[in-house]
Amino acid sequence: MAGKPPKIGVLALQGAFREHRRLLESLGTTVQEVRLPADLTGLDGLILPGGESTTMARLLTEYALWEPIRAFQASGGALWGTCAGAILLAREVRGAPPQFGGRQESLGLLDAAVVRNAFGRQINSFAAPLSVQGLDGSFPTVFIRAPAFGEIGNDVEVLAQWQEQAVMLRQGNILATAFHPELTQDARIHQLFLDMTSDSKAVVM
Ligand SMILES: NC(=O)CC[C@H](N)C(=O)O
């Protein structure tokens, strides 16, 4: 769809937000770092980066961002969570640390449960070429203490799997990857997300 180029926010409380910014800018996208609810104004999409989901959850509470992000998505804003960011999107989080009483707050916007650290600890981190639905050839994925998705709702498409576990999901204007496209030089999933922002604008109009 022709029109204004999308403006994308990257949640910049903690984690790999600079890496997302670099890839988005390589595609000519205007990027806004998001730390406060007001930073969401005028954005077409928001990326929740990888990092540490328990820390990010605490900071989302401190900066009063939970409800504004839900409202942003409800009004047509696209969301993409990578790794810890994907954990924040899920309906239910498994494997929360005991000091959280085994429970971890999430946005609950993606109709799937997420299992933290599904592929093991830091030392079990790995890189692998993966086939991703809609992309030609393989995509160079990087998994760092990555989650996997389960109990996936009917409205959710599985776009990639690793060892029979779902690692990339799309539900309408929400995208979730258990891996880190921002740590590669391959901007195709960032491009896919930019395309999603114009899809959701088309729906709203
Ligand atoms: N690379 C990552 O984002 C790791 C996510 C981390 N295991 C968490 O649960 O938050």
# chains A, B, ... in the order shown; residues from 1 in each chain; ligands from 1
call {"tool": "select_by_dssp", "arguments": {"residues": "chain A", "states": "strand (DSSP E)", "output": "ChimeraX atom specification"}}
result
/A:7-11,30-34,45-48,78-82,90-94,110-115,126-131,138-143,148-150,157-162,165-171,174-177
call {"tool": "residues_near_ligand", "arguments": {"ligand": "ligand 1", "cutoff": "10 Å", "atoms": "only C-alpha atoms and all ligand atoms", "output": "PyMOL selection string"}}
result
chain A and resi 15-16+48-57+81-88+93-97+114-122+125+142-147+178-180
call {"tool": "write_last_selection", "arguments": {"atoms": "C-alpha atoms", "output": "mmCIF file, in the first residue's frame"}}
result
data_model
loop_
_atom_site.group_PDB
_atom_site.id
_atom_site.type_symbol
_atom_site.label_atom_id
_atom_site.label_comp_id
_atom_site.auth_asym_id
_atom_site.auth_seq_id
_atom_site.Cartn_x
_atom_site.Cartn_y
_atom_site.Cartn_z
ATOM 1 C CA GLY A 15 17.816 -5.428 26.223
ATOM 2 C CA ALA A 16 18.662 -5.421 22.513
ATOM 3 C CA LEU A 48 9.510 -5.463 22.289
ATOM 4 C CA PRO A 49 13.174 -6.570 22.179
ATOM 5 C CA GLY A 50 15.055 -9.487 23.634
ATOM 6 C CA GLY A 51 16.663 -9.163 27.029
ATOM 7 C CA GLU A 52 15.376 -10.369 30.358
ATOM 8 C CA SER A 53 11.596 -10.610 30.547
ATOM 9 C CA THR A 54 11.384 -10.467 34.350
ATOM 10 C CA THR A 55 13.381 -7.205 34.380
ATOM 11 C CA MET A 56 11.357 -5.778 31.522
ATOM 12 C CA ALA A 57 8.096 -6.739 33.245
ATOM 13 C CA GLY A 81 8.186 -9.385 20.419
ATOM 14 C CA THR A 82 11.591 -11.026 20.036
ATOM 15 C CA CYS A 83 12.561 -13.579 22.690
ATOM 16 C CA ALA A 84 11.977 -11.833 26.056
ATOM 17 C CA GLY A 85 9.646 -9.490 24.135
ATOM 18 C CA ALA A 86 7.669 -12.493 22.877
ATOM 19 C CA ILE A 87 7.368 -13.714 26.477
ATOM 20 C CA LEU A 88 5.805 -10.354 27.376
ATOM 21 C CA VAL A 93 4.193 -17.528 30.970
ATOM 22 C CA ARG A 94 5.632 -20.848 32.143
ATOM 23 C CA GLY A 95 8.906 -21.120 34.011
ATOM 24 C CA ALA A 96 8.765 -17.869 35.941
ATOM 25 C CA PRO A 97 11.345 -17.799 38.770
ATOM 26 C CA VAL A 114 5.205 -19.446 26.365
ATOM 27 C CA VAL A 115 7.785 -21.650 28.037
ATOM 28 C CA ARG A 116 10.836 -19.686 29.119
ATOM 29 C CA ASN A 117 14.308 -21.091 28.450
ATOM 30 C CA ALA A 118 12.742 -23.982 26.496
ATOM 31 C CA PHE A 119 16.060 -24.907 24.855
ATOM 32 C CA GLY A 120 18.216 -24.792 27.984
ATOM 33 C CA ARG A 121 20.520 -22.312 29.633
ATOM 34 C CA GLN A 122 22.845 -19.643 28.210
ATOM 35 C CA SER A 125 22.368 -20.972 23.021
ATOM 36 C CA VAL A 142 19.997 -16.949 16.784
ATOM 37 C CA PHE A 143 18.518 -18.538 19.927
ATOM 38 C CA ILE A 144 19.722 -17.207 23.297
ATOM 39 C CA ARG A 145 17.996 -18.781 26.303
ATOM 40 C CA ALA A 146 15.018 -18.802 24.002
ATOM 41 C CA PRO A 147 11.416 -19.596 24.802
ATOM 42 C CA ALA A 178 11.626 -16.856 19.979
ATOM 43 C CA PHE A 179 14.871 -15.995 18.167
ATOM 44 C CA HIS A 180 16.710 -12.715 17.460
#
call {"tool": "residues_around", "arguments": {"residues": "region 78-80 of chain A", "least_positions_apart": "5", "cutoff": "8 Å", "atoms": "only C-alpha atoms", "output": "compact mmCIF listing (two decimals) with N, CA and C atoms, in the first residue's frame"}}
result
# COMPACT_ATOMS: atom_id res chain seq x y z
N ASP A 44 3.23 3.34 14.23
CA ASP A 44 2.46 2.32 13.51
C ASP A 44 2.73 0.94 14.07
N GLY A 45 3.88 0.77 14.69
CA GLY A 45 4.23 -0.54 15.25
C GLY A 45 5.19 -0.35 16.41
N LEU A 46 5.25 -1.38 17.26
CA LEU A 46 6.16 -1.34 18.42
C LEU A 46 6.86 -2.68 18.53
N ILE A 47 8.17 -2.64 18.69
CA ILE A 47 8.95 -3.87 18.89
C ILE A 47 9.33 -3.98 20.36
N LEU A 48 9.08 -5.16 20.93
CA LEU A 48 9.51 -5.46 22.29
C LEU A 48 10.75 -6.34 22.13
N GLN A 73 -2.18 -1.56 20.74
CA GLN A 73 -2.49 -2.69 19.86
C GLN A 73 -3.98 -2.71 19.52
N GLY A 85 10.80 -10.28 24.59
CA GLY A 85 9.65 -9.49 24.14
C GLY A 85 8.46 -10.38 23.79
N ALA A 86 8.74 -11.54 23.21
CA ALA A 86 7.67 -12.49 22.88
C ALA A 86 7.05 -13.05 24.15
N ASN A 173 -2.16 -8.56 13.84
CA ASN A 173 -1.07 -7.57 13.80
C ASN A 173 -0.03 -7.81 14.90
N ILE A 174 0.02 -9.05 15.38
CA ILE A 174 1.02 -9.40 16.41
C ILE A 174 1.97 -10.46 15.86
N LEU A 175 3.26 -10.21 15.99
CA LEU A 175 4.29 -11.15 15.54
C LEU A 175 5.15 -11.51 16.76
N ALA A 176 5.55 -12.77 16.84
CA ALA A 176 6.40 -13.19 17.96
C ALA A 176 7.48 -14.13 17.43
N THR A 177 8.73 -13.84 17.76
CA THR A 177 9.82 -14.74 17.39
C THR A 177 10.59 -15.11 18.66
N PHE A 193 7.56 -7.22 9.27
CA PHE A 193 6.84 -6.45 10.30
C PHE A 193 6.38 -5.09 9.75
N MET A 196 3.38 -5.63 7.86
CA MET A 196 2.22 -5.85 8.74
C MET A 196 1.61 -4.53 9.20
N THR A 197 2.45 -3.51 9.40
CA THR A 197 1.89 -2.24 9.88
C THR A 197 1.00 -1.63 8.80
N SER A 200 -2.32 -3.59 8.86
CA SER A 200 -3.29 -3.25 9.91
C SER A 200 -3.89 -1.88 9.67
call {"tool": "closest_residue", "arguments": {"among": "A:Lys7, A:Arg188, A:His20, A:Arg103", "to": "Leu135 (chain A)", "atoms": "only C-alpha atoms"}}
result
A:Arg188
call {"tool": "closest_residue", "arguments": {"among": "A:Ala127, A:Ala112, A:Leu169, A:Ala187", "to": "Ile152 (chain A)", "atoms": "only C-alpha atoms"}}
result
A:Ala112
call {"tool": "decode", "arguments": {"residues": "region 23-63 of chain A", "atoms": "C-alpha atoms", "output": "JSON list (two decimals), in the first residue's frame"}}
result
[["chain", "number", "residue", "atom", "x", "y", "z"],
["A", 23, "LEU", "CA", 18.19, -2.85, 11.24],
["A", 24, "LEU", "CA", 15.06, -0.70, 11.00],
["A", 25, "GLU", "CA", 17.15, 2.33, 10.05],
["A", 26, "SER", "CA", 18.95, 0.26, 7.42],
["A", 27, "LEU", "CA", 15.48, -0.11, 5.84],
["A", 28, "GLY", "CA", 14.95, 3.66, 5.93],
["A", 29, "THR", "CA", 12.44, 3.48, 8.80],
["A", 30, "THR", "CA", 11.95, 6.26, 11.33],
["A", 31, "VAL", "CA", 12.51, 4.82, 14.81],
["A", 32, "GLN", "CA", 11.27, 6.10, 18.17],
["A", 33, "GLU", "CA", 12.72, 4.68, 21.39],
["A", 34, "VAL", "CA", 9.81, 4.07, 23.79],
["A", 35, "ARG", "CA", 10.25, 4.59, 27.53],
["A", 36, "LEU", "CA", 7.08, 6.47, 28.43],
["A", 37, "PRO", "CA", 3.43, 6.06, 27.39],
["A", 38, "ALA", "CA", 3.60, 9.35, 25.43],
["A", 39, "ASP", "CA", 6.34, 7.88, 23.23],
["A", 40, "LEU", "CA", 3.71, 5.59, 21.64],
["A", 41, "THR", "CA", 1.89, 8.52, 20.04],
["A", 42, "GLY", "CA", 1.93, 8.43, 16.25],
["A", 43, "LEU", "CA", 3.59, 5.02, 15.95],
["A", 44, "ASP", "CA", 2.46, 2.32, 13.51],
["A", 45, "GLY", "CA", 4.23, -0.54, 15.25],
["A", 46, "LEU", "CA", 6.16, -1.34, 18.42],
["A", 47, "ILE", "CA", 8.95, -3.87, 18.89],
["A", 48, "LEU", "CA", 9.51, -5.46, 22.29],
["A", 49, "PRO", "CA", 13.17, -6.57, 22.18],
["A", 50, "GLY", "CA", 15.06, -9.49, 23.63],
["A", 51, "GLY", "CA", 16.66, -9.16, 27.03],
["A", 52, "GLU", "CA", 15.38, -10.37, 30.36],
["A", 53, "SER", "CA", 11.60, -10.61, 30.55],
["A", 54, "THR", "CA", 11.38, -10.47, 34.35],
["A", 55, "THR", "CA", 13.38, -7.21, 34.38],
["A", 56, "MET", "CA", 11.36, -5.78, 31.52],
["A", 57, "ALA", "CA", 8.10, -6.74, 33.25],
["A", 58, "ARG", "CA", 9.19, -4.88, 36.37],
["A", 59, "LEU", "CA", 10.13, -1.81, 34.32],
["A", 60, "LEU", "CA", 6.81, -1.92, 32.42],
["A", 61, "THR", "CA", 5.08, -1.64, 35.78],
["A", 62, "GLU", "CA", 7.40, 1.14, 36.95],
["A", 63, "TYR", "CA", 6.89, 3.16, 33.75]]
